[in-house]
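Asks: What follows is structure_29.pdb, made up of PDB, C-alpha atoms:
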MODEL        1
ATOM      1  CA  MET A   1       0.000   0.000   0.000  1.00  0.00           C
ATOM      2  CA  TYR A   2       1.298   3.444  -0.977  1.00  0.00           C
ATOM      3  CA  THR A   3       0.022   6.828   0.125  1.00  0.00           C
ATOM      4  CA  VAL A   4       0.194  10.037  -1.861  1.00  0.00           C
ATOM      5  CA  TYR A   5       0.104  12.955   0.545  1.00  0.00           C
ATOM      6  CA  VAL A   6      -0.083  16.725   0.501  1.00  0.00           C
ATOM      7  CA  LEU A   7       1.533  18.828   3.205  1.00  0.00           C
ATOM      8  CA  TYR A   8       0.920  22.517   3.770  1.00  0.00           C
ATOM      9  CA  SER A   9       3.066  25.050   5.591  1.00  0.00           C
ATOM     10  CA  GLU A  10       0.690  27.773   6.785  1.00  0.00           C
ATOM     11  CA  LYS A  11       3.573  29.948   7.956  1.00  0.00           C
ATOM     12  CA  TYR A  12       5.147  30.088   4.469  1.00  0.00           C
ATOM     13  CA  ASP A  13       2.113  29.218   2.272  1.00  0.00           C
ATOM     14  CA  LYS A  14       4.034  26.304   0.723  1.00  0.00           C
ATOM     15  CA  LEU A  15       2.835  22.928  -0.548  1.00  0.00           C
ATOM     16  CA  TYR A  16       4.732  19.649  -0.557  1.00  0.00           C
ATOM     17  CA  ILE A  17       3.484  16.603  -2.449  1.00  0.00           C
ATOM     18  CA  GLY A  18       5.003  13.164  -2.044  1.00  0.00           C
ATOM     19  CA  PHE A  19       4.307   9.451  -1.755  1.00  0.00           C
ATOM     20  CA  THR A  20       5.409   6.798   0.696  1.00  0.00           C
ATOM     21  CA  SER A  21       4.740   3.301   1.950  1.00  0.00           C
ATOM     22  CA  ASN A  22       5.038   4.478   5.594  1.00  0.00           C
ATOM     23  CA  LEU A  23       3.158   7.744   6.106  1.00  0.00           C
ATOM     24  CA  GLU A  24       3.744   8.051   9.840  1.00  0.00           C
ATOM     25  CA  ALA A  25       7.527   7.758   9.505  1.00  0.00           C
ATOM     26  CA  ARG A  26       7.568  10.112   6.524  1.00  0.00           C
ATOM     27  CA  LEU A  27       5.628  12.810   8.378  1.00  0.00           C
ATOM     28  CA  GLN A  28       8.008  12.525  11.307  1.00  0.00           C
ATOM     29  CA  SER A  29      10.917  12.931   8.898  1.00  0.00           C
ATOM     30  CA  HIS A  30       9.399  16.071   7.360  1.00  0.00           C
ATOM     31  CA  ASN A  31       8.576  17.721  10.684  1.00  0.00           C
ATOM     32  CA  GLU A  32      11.247  16.501  13.103  1.00  0.00           C
ATOM     33  CA  LEU A  33      14.018  14.189  11.936  1.00  0.00           C
ATOM     34  CA  GLY A  34      15.080  15.558   8.553  1.00  0.00           C
ATOM     35  CA  LYS A  35      18.243  17.655   8.566  1.00  0.00           C
ATOM     36  CA  LYS A  36      18.324  18.973   4.994  1.00  0.00           C
ATOM     37  CA  GLY A  37      16.141  19.503   1.967  1.00  0.00           C
ATOM     38  CA  PHE A  38      13.076  21.507   1.001  1.00  0.00           C
ATOM     39  CA  THR A  39      10.802  20.482   3.852  1.00  0.00           C
ATOM     40  CA  VAL A  40      13.258  21.415   6.608  1.00  0.00           C
ATOM     41  CA  ARG A  41      13.099  25.099   5.620  1.00  0.00           C
ATOM     42  CA  TYR A  42       9.314  25.434   5.825  1.00  0.00           C
ATOM     43  CA  ARG A  43       8.373  23.614   9.022  1.00  0.00           C
ATOM     44  CA  PRO A  44       5.913  22.973  10.535  1.00  0.00           C
ATOM     45  CA  TRP A  45       3.964  20.955   7.986  1.00  0.00           C
ATOM     46  CA  LYS A  46       0.295  20.032   8.277  1.00  0.00           C
ATOM     47  CA  LEU A  47      -1.098  16.975   6.485  1.00  0.00           C
ATOM     48  CA  ILE A  48      -4.057  18.190   4.414  1.00  0.00           C
ATOM     49  CA  HIS A  49      -4.758  15.314   2.000  1.00  0.00           C
ATOM     50  CA  THR A  50      -4.036  11.624   1.424  1.00  0.00           C
ATOM     51  CA  GLU A  51      -4.875   9.119  -1.312  1.00  0.00           C
ATOM     52  CA  HIS A  52      -4.111   5.392  -1.093  1.00  0.00           C
ATOM     53  CA  PHE A  53      -2.901   3.122  -3.893  1.00  0.00           C
ATOM     54  CA  GLU A  54      -2.234  -0.593  -4.183  1.00  0.00           C
ATOM     55  CA  ASN A  55       0.962  -0.191  -6.187  1.00  0.00           C
ATOM     56  CA  LYS A  56       3.899   2.163  -6.491  1.00  0.00           C
ATOM     57  CA  ARG A  57       3.338   2.919 -10.176  1.00  0.00           C
ATOM     58  CA  ASP A  58      -0.155   4.334  -9.583  1.00  0.00           C
ATOM     59  CA  ALA A  59       1.041   6.345  -6.578  1.00  0.00           C
ATOM     60  CA  MET A  60       3.888   7.838  -8.607  1.00  0.00           C
ATOM     61  CA  ARG A  61       1.496   8.730 -11.437  1.00  0.00           C
ATOM     62  CA  ARG A  62      -0.886  10.528  -9.047  1.00  0.00           C
ATOM     63  CA  GLU A  63       1.979  12.332  -7.306  1.00  0.00           C
ATOM     64  CA  LYS A  64       3.156  13.628 -10.680  1.00  0.00           C
ATOM     65  CA  GLN A  65      -0.376  14.835 -11.536  1.00  0.00           C
ATOM     66  CA  LEU A  66      -0.682  16.726  -8.259  1.00  0.00           C
ATOM     67  CA  LYS A  67       2.758  18.318  -8.677  1.00  0.00           C
ATOM     68  CA  GLY A  68       1.755  19.830 -12.032  1.00  0.00           C
ATOM     69  CA  GLY A  69       0.136  23.227 -12.442  1.00  0.00           C
ATOM     70  CA  GLN A  70      -3.407  21.894 -12.644  1.00  0.00           C
ATOM     71  CA  GLY A  71      -2.831  19.611  -9.678  1.00  0.00           C
ATOM     72  CA  ARG A  72      -1.506  22.440  -7.515  1.00  0.00           C
ATOM     73  CA  ALA A  73      -4.439  24.632  -8.608  1.00  0.00           C
ATOM     74  CA  TRP A  74      -6.864  21.833  -7.610  1.00  0.00           C
ATOM     75  CA  ILE A  75      -5.181  21.567  -4.210  1.00  0.00           C
ATOM     76  CA  ARG A  76      -5.421  25.303  -3.569  1.00  0.00           C
ATOM     77  CA  GLN A  77      -9.053  25.490  -4.770  1.00  0.00           C
ATOM     78  CA  ASN A  78     -10.321  22.403  -2.952  1.00  0.00           C
ATOM     79  CA  LEU A  79      -8.141  21.807   0.074  1.00  0.00           C
ATOM     80  CA  LEU A  80      -7.069  25.249   1.278  1.00  0.00           C
ATOM     81  CA  ARG A  81     -10.398  27.068   1.450  1.00  0.00           C
TER      82      ARG A  81
ENDMDL
END
Could you take the file, read its structure, and then write that structure out as structure tokens?
Replies:
Amino acid sequence: MYTVYVLYSEKYDKLYIGFTSNLEARLQSHNELGKKGFTVRYRPWKLIHTEHFENKRDAMRREKQLKGGQGRAWIRQNLLR
């Protein structure tokens, strides 16, 4: 099982979209354990959306859709109001 997730940093008005097979550990990495990378700079992150997939290929496809311009617009229109 894979989870596509959307994080939002209210403080910086930033989105982060990713996928993982262990959501709990990944969220901890984004908010506490990570030492470098994009998500470290914009903490704290709030989980605002998840979608579950049976296989990695489908999760990767959905992540790519959400990372595109239309996907980010959908997130802002539907999840941040």
Asks: Running the PyMOL selection byres ((chain A and resi 20-33) around 12) on this model by hand, what would come out? Give it as a PyMOL selection string.
Replies: chain A and resi 1-9+16-19+34-60+63
Asks: Taking the file as shown, find all residues satisfying the PyMOL selection byres ((chain A and resi 75-81) around 8) and write them as a PyMOL selection string.
Replies: chain A and resi 48-49+66+71-74
Asks: Taking all atoms of range 62-75 of chain A that the file lists, what box with edges along x, y and z, padded by 5 Å per side, do you get, with centre and edge lengths in Å to one decimal, as JSON?
Replies:
{"center_x": -1.9, "center_y": 17.6, "center_z": -8.4, "size_x": 20.0, "size_y": 24.1, "size_z": 18.4}
